[in-house]
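Colleague: File structure_10.txt follows (compact mmCIF, C-alpha atoms):
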```
# COMPACT_ATOMS: atom_id res chain seq x y z
CA MET Z 1455 89.49 162.51 -11.84
CA SER Z 1456 92.62 164.61 -12.04
CA ALA Z 1457 94.24 161.95 -14.21
CA ILE Z 1458 91.40 162.28 -16.73
CA PHE Z 1459 91.88 166.06 -16.88
CA ASP Z 1460 95.61 165.60 -17.28
CA HIS Z 1461 95.04 163.27 -20.23
CA LEU Z 1462 92.56 165.68 -21.87
CA ILE Z 1463 94.99 168.57 -21.49
CA ALA Z 1464 97.78 166.49 -22.96
CA ILE Z 1465 95.58 165.54 -25.92
CA LEU Z 1466 94.65 169.18 -26.57
CA VAL Z 1467 98.25 170.33 -26.36
CA GLY Z 1468 99.35 167.55 -28.71
CA ALA Z 1469 96.60 168.40 -31.20
CA VAL Z 1470 97.63 172.06 -31.21
CA LEU Z 1471 101.27 171.12 -31.74
CA VAL Z 1472 100.41 168.73 -34.59
CA GLY Z 1473 98.17 171.34 -36.24
CA THR Z 1474 100.89 173.96 -35.95
CA LEU Z 1475 103.46 171.65 -37.52
CA LEU Z 1476 101.10 170.78 -40.38
CA PHE Z 1477 100.37 174.45 -41.02
CA VAL Z 1478 104.08 175.30 -41.09
CA GLN Z 1479 104.75 172.38 -43.45
CA MET Z 1480 101.98 173.47 -45.83
CA ARG Z 1481 103.29 177.03 -45.91
CA ARG Z 1482 106.76 175.73 -46.67
CA GLN Z 1483 105.38 173.71 -49.59
CA GLU Z 1484 103.47 176.73 -50.90
CA SER Z 1485 106.60 178.88 -50.63
CA ALA Z 1486 108.61 176.21 -52.46
CA ILE Z 1487 106.03 176.16 -55.24
CA GLU Z 1488 106.27 179.93 -55.65
CA THR Z 1489 110.07 179.75 -55.70
CA THR Z 1490 110.00 177.05 -58.37
CA VAL Z 1491 107.57 179.02 -60.51
CA ARG Z 1492 109.65 182.17 -60.10
CA ASN Z 1493 112.86 180.40 -61.09
CA ARG Z 1494 111.23 178.84 -64.13
CA VAL Z 1495 109.83 182.17 -65.33
CA GLU Z 1496 113.14 183.96 -64.80
CA TRP Z 1497 115.06 181.30 -66.71
CA HIS Z 1498 112.54 181.38 -69.57
CA ALA Z 1499 112.65 185.18 -69.88
CA ASP Z 1500 116.44 185.37 -69.63
CA GLU Z 1501 116.92 182.64 -72.24
CA PHE Z 1502 114.54 184.26 -74.72
CA LEU Z 1503 116.04 187.72 -74.26
CA SER Z 1504 119.56 186.31 -74.63
CA VAL Z 1505 118.75 184.74 -78.01
CA LEU Z 1506 117.04 187.91 -79.24
CA GLN Z 1507 119.93 190.06 -78.04
CA ARG Z 1508 122.49 187.84 -79.80
CA ASP Z 1509 120.55 188.05 -83.08
CA VAL Z 1510 120.26 191.85 -82.92
CA GLU Z 1511 123.94 192.32 -82.07
CA ASN Z 1512 124.92 190.34 -85.19
CA MET Z 1513 122.45 192.01 -87.54
CA ARG Z 1514 123.82 192.28 -91.10
CA THR Z 1515 123.79 195.25 -93.44
CA VAL Z 1516 121.68 195.63 -96.56
CA ARG Z 1517 124.73 195.10 -98.79
CA GLN Z 1518 125.73 191.90 -97.00
CA THR Z 1519 122.17 190.56 -97.16
CA GLN Z 1520 121.77 191.29 -100.85
CA THR Z 1521 125.10 189.57 -101.50
CA ALA Z 1522 123.93 186.44 -99.68
CA PHE Z 1523 120.36 186.27 -100.98
CA GLY Z 1524 119.86 188.81 -103.74
CA PHE Z 1525 117.28 190.65 -101.60
CA ASP Z 1526 116.95 191.97 -98.05
CA ARG Z 1527 114.35 191.67 -95.32
CA TYR Z 1528 113.87 194.20 -92.48
CA THR Z 1529 110.47 194.27 -90.75
CA LEU Z 1530 109.27 195.84 -87.50
CA GLU Z 1531 105.48 195.82 -87.20
CA ARG Z 1532 103.17 196.70 -84.31
CA GLU Z 1533 99.55 195.81 -83.64
CA ASP Z 1534 96.96 196.36 -80.91
CA GLY Z 1535 96.30 193.44 -78.61
CA PRO Z 1536 92.97 192.24 -77.21
CA ASP Z 1537 93.28 194.75 -74.35
CA GLY Z 1538 94.02 197.66 -76.71
CA MET Z 1539 97.71 197.86 -75.78
CA GLY Z 1540 100.23 197.86 -78.63
CA TYR Z 1541 102.82 195.12 -79.02
CA THR Z 1542 105.44 194.09 -81.59
CA SER Z 1543 103.77 191.54 -83.80
CA GLN Z 1544 106.74 190.85 -86.12
CA PHE Z 1545 110.46 191.63 -86.04
CA SER Z 1546 112.49 190.29 -88.99
CA PHE Z 1547 116.10 190.99 -89.97
CA PRO Z 1548 119.23 189.25 -91.32
CA THR Z 1549 121.83 188.03 -88.84
CA LEU Z 1550 124.65 185.53 -88.52
CA ALA Z 1551 123.54 181.93 -88.79
CA ASP Z 1552 126.35 180.79 -86.47
CA PRO Z 1553 127.84 183.65 -84.42
CA SER Z 1554 130.65 181.41 -83.17
CA LEU Z 1555 132.17 181.46 -86.70
CA GLY Z 1556 132.38 185.23 -86.79
CA ALA Z 1557 132.81 186.74 -90.26
CA ALA Z 1558 132.97 183.24 -91.78
CA SER Z 1559 129.39 182.54 -90.79
CA PRO Z 1560 126.71 182.57 -93.52
CA VAL Z 1561 123.77 184.92 -93.26
CA ALA Z 1562 120.32 183.83 -92.10
CA ILE Z 1563 117.06 185.76 -91.94
CA VAL Z 1564 115.25 185.41 -88.61
CA SER Z 1565 111.72 186.47 -87.73
CA TYR Z 1566 110.07 186.87 -84.33
CA HIS Z 1567 106.30 186.64 -84.62
CA ALA Z 1568 103.92 187.22 -81.69
CA THR Z 1569 100.33 185.97 -81.77
CA PRO Z 1570 97.65 186.29 -79.07
CA THR Z 1571 96.66 183.01 -77.45
CA GLY Z 1572 93.18 184.19 -76.44
CA GLN Z 1573 93.87 183.14 -72.84
CA LYS Z 1574 94.39 185.12 -69.63
CA VAL Z 1575 96.69 184.50 -66.68
CA ARG Z 1576 96.16 186.03 -63.25
CA VAL Z 1577 99.01 188.29 -62.16
CA GLY Z 1578 98.42 189.68 -58.70
CA GLN Z 1579 94.89 191.09 -58.63
CA THR Z 1580 94.49 191.49 -62.42
CA GLU Z 1581 94.19 189.17 -65.39
CA ARG Z 1582 96.50 189.69 -68.37
CA TRP Z 1583 96.30 188.44 -71.95
CA THR Z 1584 99.13 186.20 -73.06
CA TYR Z 1585 101.00 185.81 -76.35
CA THR Z 1586 103.12 183.19 -78.02
CA VAL Z 1587 106.34 184.31 -79.73
CA THR Z 1588 107.80 182.10 -82.47
CA ARG Z 1589 111.36 182.39 -83.78
CA SER Z 1590 111.74 181.25 -87.41
CA GLU Z 1591 114.89 181.09 -89.50
CA TYR Z 1592 115.59 180.95 -93.23
CA ARG Z 1593 118.91 180.05 -94.87
CA ARG Z 1594 119.77 180.01 -98.54
CA GLY Z 1595 118.96 176.69 -100.18
CA GLY Z 1596 116.57 175.67 -97.38
CA THR Z 1597 113.11 176.39 -96.09
CA VAL Z 1598 111.65 178.41 -93.24
CA ARG Z 1599 111.90 176.40 -90.03
CA ARG Z 1600 110.95 177.12 -86.44
CA THR Z 1601 113.95 177.29 -84.13
CA GLY Z 1602 112.50 178.39 -80.79
CA GLY Z 1603 110.34 181.00 -79.14
CA ALA Z 1604 108.58 181.80 -75.89
CA VAL Z 1605 105.20 181.02 -74.34
CA GLY Z 1606 103.22 182.92 -71.74
CA VAL Z 1607 104.49 186.30 -72.95
CA LEU Z 1608 102.67 189.31 -71.47
CA GLU Z 1609 104.56 192.00 -73.35
CA LEU Z 1610 106.93 192.22 -76.33
CA ASN Z 1611 107.98 195.71 -77.43
CA VAL Z 1612 110.92 196.39 -79.75
CA MET Z 1613 111.69 199.99 -80.74
CA SER Z 1614 114.64 201.58 -82.55
CA VAL Z 1615 116.28 204.54 -80.77
CA PRO Z 1616 118.64 206.84 -82.72
CA LYS Z 1617 121.83 208.02 -81.03
CA THR Z 1618 120.71 211.61 -81.55
CA GLY Z 1619 118.05 211.15 -78.90
CA ALA Z 1620 115.14 211.46 -81.28
CA GLU Z 1621 111.85 209.69 -80.68
CA GLN Z 1622 111.58 205.97 -81.02
CA SER Z 1623 110.52 204.65 -84.39
CA ASP Z 1624 109.94 201.47 -86.34
CA ASP Z 1625 112.85 202.08 -88.74
CA VAL Z 1626 115.06 199.01 -88.85
CA ARG Z 1627 117.31 199.82 -91.80
CA SER Z 1628 119.11 202.77 -90.16
CA ARG Z 1629 121.35 200.48 -88.18
CA SER Z 1630 124.50 202.56 -88.16
CA ASP Z 1631 123.09 205.17 -85.79
CA VAL Z 1632 120.40 203.35 -83.82
CA ALA Z 1633 120.02 200.97 -80.95
CA PHE Z 1634 117.11 198.75 -80.11
CA GLN Z 1635 115.18 198.83 -76.86
CA VAL Z 1636 113.67 195.45 -76.06
CA ARG Z 1637 111.08 194.89 -73.32
CA VAL Z 1638 109.68 191.48 -72.66
CA SER Z 1639 107.47 190.17 -69.85
CA VAL Z 1640 106.93 186.47 -69.30
CA VAL Z 1641 104.43 184.81 -67.00
CA ALA Z 1642 103.76 181.26 -65.89
CA ALA Z 1643 100.41 179.94 -64.74
CA ALA Z 1644 101.01 179.36 -61.05
CA PRO Z 1645 99.10 176.52 -59.34
CA VAL Z 1646 96.58 178.71 -57.53
CA GLY Z 1647 94.99 175.78 -55.74
CA ARG Z 1648 98.22 175.08 -53.85
CA ARG Z 1649 98.62 178.63 -52.48
CA ALA Z 1650 97.13 180.37 -49.48
CA SER Z 1651 94.34 182.90 -49.87
CA ASP Z 1652 96.59 185.89 -49.16
CA GLN Z 1653 99.14 184.70 -51.73
CA ARG Z 1654 96.45 184.24 -54.39
CA THR Z 1655 95.47 187.92 -54.23
CA THR Z 1656 98.78 189.68 -53.63
CA THR Z 1657 101.60 187.61 -55.09
CA LEU Z 1658 103.46 188.61 -58.26
CA GLN Z 1659 105.92 185.77 -58.16
CA ASN Z 1660 104.67 184.20 -61.42
CA ALA Z 1661 105.57 187.21 -63.65
CA VAL Z 1662 108.98 188.52 -64.69
CA ARG Z 1663 109.84 191.58 -66.78
CA ARG Z 1664 113.14 192.06 -68.57
CA ALA Z 1665 114.42 195.04 -70.58
CA ALA Z 1666 117.63 195.72 -72.47
CA THR Z 1667 119.13 198.23 -74.88
CA VAL Z 1668 120.93 196.34 -77.64
CA ARG Z 1669 123.33 197.87 -80.14
CA VAL Z 1670 124.32 196.34 -83.45
CA LEU Z 1671 127.98 195.40 -83.04
CA SER Z 1672 128.62 195.04 -86.77
CA ALA Z 1673 127.59 198.69 -87.33
CA THR Z 1674 131.00 199.92 -86.14
CA ALA Z 1675 133.02 197.06 -87.65
CA THR Z 1676 134.49 196.82 -91.14
CA GLU Z 1677 131.80 195.59 -93.47
CA GLY Z 1678 132.90 192.49 -95.36
CA LEU Z 1679 131.01 190.29 -97.73
CA PRO Z 1680 129.71 187.05 -96.17
CA PRO Z 1681 130.10 183.60 -97.72
CA VAL Z 1682 127.27 182.60 -100.04
CA GLU Z 1683 125.71 179.23 -99.32
CA PRO Z 1684 124.86 176.95 -102.25
CA GLY Z 1685 121.31 176.50 -103.43
CA PRO Z 1686 118.58 178.78 -104.72
CA ALA Z 1687 117.48 181.85 -102.79
CA VAL Z 1688 113.73 182.48 -102.67
CA VAL Z 1689 111.84 185.16 -100.80
CA PRO Z 1690 110.76 183.40 -97.56
CA THR Z 1691 107.24 183.48 -96.17
CA PHE Z 1692 107.40 183.67 -92.38
CA PRO Z 1693 104.51 183.18 -89.92
CA GLY Z 1694 102.39 186.30 -90.02
CA ASP Z 1695 103.26 187.20 -93.61
CA PRO Z 1696 100.42 187.49 -96.12
CA PRO Z 1697 100.14 184.47 -98.40
CA PRO Z 1698 101.88 184.84 -101.76
CA PRO Z 1699 99.68 185.64 -104.77
CA PRO Z 1700 98.47 182.63 -106.76
CA VAL Z 1701 100.56 181.64 -109.73
CA VAL Z 1702 98.70 182.32 -113.00
CA PRO Z 1703 99.68 179.88 -115.78
CA PRO Z 1704 100.91 181.55 -118.98
CA PRO Z 1705 98.61 181.56 -122.02
CA PRO Z 1706 99.20 178.88 -124.65
CA PRO Z 1707 101.65 179.87 -127.41
CA THR Z 1708 100.18 181.13 -130.67
CA SER Z 1709 101.63 180.63 -134.15
CA THR Z 1710 102.77 183.94 -135.73
CA GLY Z 1711 103.98 182.85 -139.18
CA GLY Z 1712 107.26 181.35 -138.15
CA GLY Z 1713 105.95 178.00 -136.97
CA SER Z 1714 104.67 174.97 -138.89
CA PRO Z 1715 101.18 175.30 -140.44
CA PRO Z 1716 98.30 173.40 -138.88
CA PRO Z 1717 97.37 170.01 -140.43
CA TYR Z 1718 95.07 170.14 -143.46
CA VAL Z 1719 91.42 169.32 -142.82
CA PRO Z 1720 89.33 168.81 -146.03
CA PRO Z 1721 86.07 170.73 -146.14
CA PRO Z 1722 82.79 168.76 -146.01
CA ARG Z 1723 81.26 167.75 -149.36
CA THR Z 1724 78.04 169.49 -150.31
CA ASN Z 1725 75.31 168.68 -152.86
CA GLY Z 1726 73.84 171.88 -154.23
CA GLY Z 1727 73.87 174.25 -151.34
CA GLY Z 1728 73.13 171.99 -148.42
CA SER Z 1729 75.10 169.40 -146.61
CA SER Z 1730 75.51 166.03 -148.35
CA PRO Z 1731 73.99 162.88 -146.81
CA PRO Z 1732 76.34 160.42 -145.19
CA TYR Z 1733 78.15 158.13 -147.65
CA THR Z 1734 76.71 154.59 -148.01
CA PRO Z 1735 78.87 151.96 -149.81
CA PRO Z 1736 77.16 149.94 -152.71
CA PRO Z 1737 76.12 146.31 -152.14
CA PRO Z 1738 78.63 143.62 -153.15
CA MET Z 1739 78.43 142.26 -156.75
CA THR Z 1740 77.27 138.61 -157.37
CA PRO Z 1741 78.21 136.48 -160.48
CA PRO Z 1742 75.42 135.78 -163.07
CA GLN Z 1743 73.59 132.43 -162.84
CA ALA Z 1744 72.15 130.29 -165.76
CA PRO Z 1745 68.40 129.73 -166.07
CA PRO Z 1746 67.19 126.39 -164.80
CA GLY Z 1747 67.42 123.55 -167.36
CA ARG Z 1748 70.11 125.12 -169.52
CA ASN Z 1749 73.81 124.69 -169.46
CA ILE Z 1750 76.08 127.51 -170.38
```
Before anything else, please render the file you have as structure tokens.

Modeller:
Amino acid sequence: MSAIFDHLIAILVGAVLVGTLLFVQMRRQESAIETTVRNRVEWHADEFLSVLQRDVENMRTVRQTQTAFGFDRYTLEREDGPDGMGYTSQFSFPTLADPSLGAASPVAIVSYHATPTGQKVRVGQTERWTYTVTRSEYRRGGTVRRTGGAVGVLELNVMSVPKTGAEQSDDVRSRSDVAFQVRVSVVAAAPVGRRASDQRTTTLQNAVRRAATVRVLSATATEGLPPVEPGPAVVPTFPGDPPPPPVVPPPPPTSTGGGSPPPYVPPPRTNGGGSSPPYTPPPPMTPPQAPPGRNI
């Protein structure tokens, strides 16, 4: 009888040990998932902010832009999101197309456009609306093309801050005495089904916020004229811009005495005062014939 109890106790102890090991293994997997999600979000946010910071640091002046294109483009627009909070919907400016070339680089116009996705992602105990940010680029002689962006963005705020300490504004042209404060938050949809109940309600591992104050490096450098790329320069239409007005064809040219006269058209023939009937040709003529019985 004691042997049976010994076996039962051994089975219970083994089951507890196996259950404990399985629980520890599951928690390790859940922790690894959170670490992977966190690393992915951090890399995504850092990469996006690095590209935006590089573009702002190499922003070109109005004179340089007009030399390269014949026009300039500086836009900083804000809108209210689905939750009523403001965000930067479009940020456009000229910058170096290839910063590695320095002053020999041509000028490109870039545009960052944020659009709501209409979807929410759970961050901790709240749900947040997400945005998609698209980076587009235009170079002389080419077309507007998408060159990158970010997904799962919770916040994108770009404001210009003068050195005098005045309030933030949306003025982009005053580059010589301003800096730009950039705040961006990126989130990734974490696999909720693979996390424990306490992690589902308290974790913030799937959201990352980054902020930076960026100054335009070319504002304190000697302003030189950039190289002009070949090809025509047209005003680009970036995502978020209103569509261009329809092209109205010009009216047909009219003759004002200097051109050739129109071809002559004879007036219709009339009989009396009314219109003449249509012309009917006469019947064909036949040669005369001799009466029967007589020779001519």

Colleague: So which residues touch range 1497-1511 of chain Z within 9 Å, counting all atoms listed in the file, skipping near sequence neighbours fewer than 4 positions away, as an MDAnalysis selection string?

Modeller: chainID Z and resid 1492:1493 1547:1551 1553 1564 1566 1602:1605 1607 1634 1636:1641 1662:1672

Colleague: Quote the spacing between CA of Ala1633 in chain Z and CA of Val1598 in chain Z in Å to one decimal place.

Modeller: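 Computing the Euclidean distance for CA of Ala1633 in chain Z and CA of Val1598 in chain Z yields 27.0 Å.
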
Colleague: Do you know which residues are at most 10 Å from Ile1563 in chain Z counting all atoms listed in the file, after dropping those on the same chain fewer than 2 positions away, and could you put them as a PyMOL selection string?

Modeller: chain Z and resi 1509+1513-1514+1519+1523+1526-1528+1546-1551+1561+1565+1590-1594+1598+1690+1692

Colleague: Find the residues around Glu1533 in chain Z up to 8 Å (all atoms listed in the file counted), leave out those fewer than 4 positions away in its own chain, and share them as a list of chain:residue names.

Modeller: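 With the cut-off at 8 Å, the set is Z:Gly1540, Z:Tyr1541, Z:Thr1542, Z:Ser1543.
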
Colleague: Mind writing the picked residues with C-alpha atoms as a PDB file, in the frame of the given file?

Modeller:
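Here's the written file selection_9.pdb:
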```
ATOM      1  CA  GLY Z1540     100.230 197.860 -78.630  1.00  0.00           C
ATOM      2  CA  TYR Z1541     102.820 195.120 -79.020  1.00  0.00           C
ATOM      3  CA  THR Z1542     105.440 194.090 -81.590  1.00  0.00           C
ATOM      4  CA  SER Z1543     103.770 191.540 -83.800  1.00  0.00           C
TER       5      SER Z1543
END
```

Colleague: Would you mind telling me which residue in Z:Leu1471, Z:Met1539, Z:Gly1678, Z:Arg1582 lies nearest to Val1516 in chain Z when using all atoms listed in the file?

Modeller: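 Nearest to Val1516 in chain Z: Z:Gly1678.
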
Colleague: At what distance in Å, to one decimal, does CA of Pro1570 in chain Z lie from CA of Val1688 in chain Z?

Modeller: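 Pair CA of Val1688 in chain Z / CA of Pro1570 in chain Z returns 28.8 Å.
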
Colleague: Would you mind telling me which residue in Z:Glu1609, Z:Pro1737, Z:Gly1556, Z:Val1491 lies nearest to Thr1569 in chain Z when using all atoms listed in the file?

Modeller: Z:Glu1609
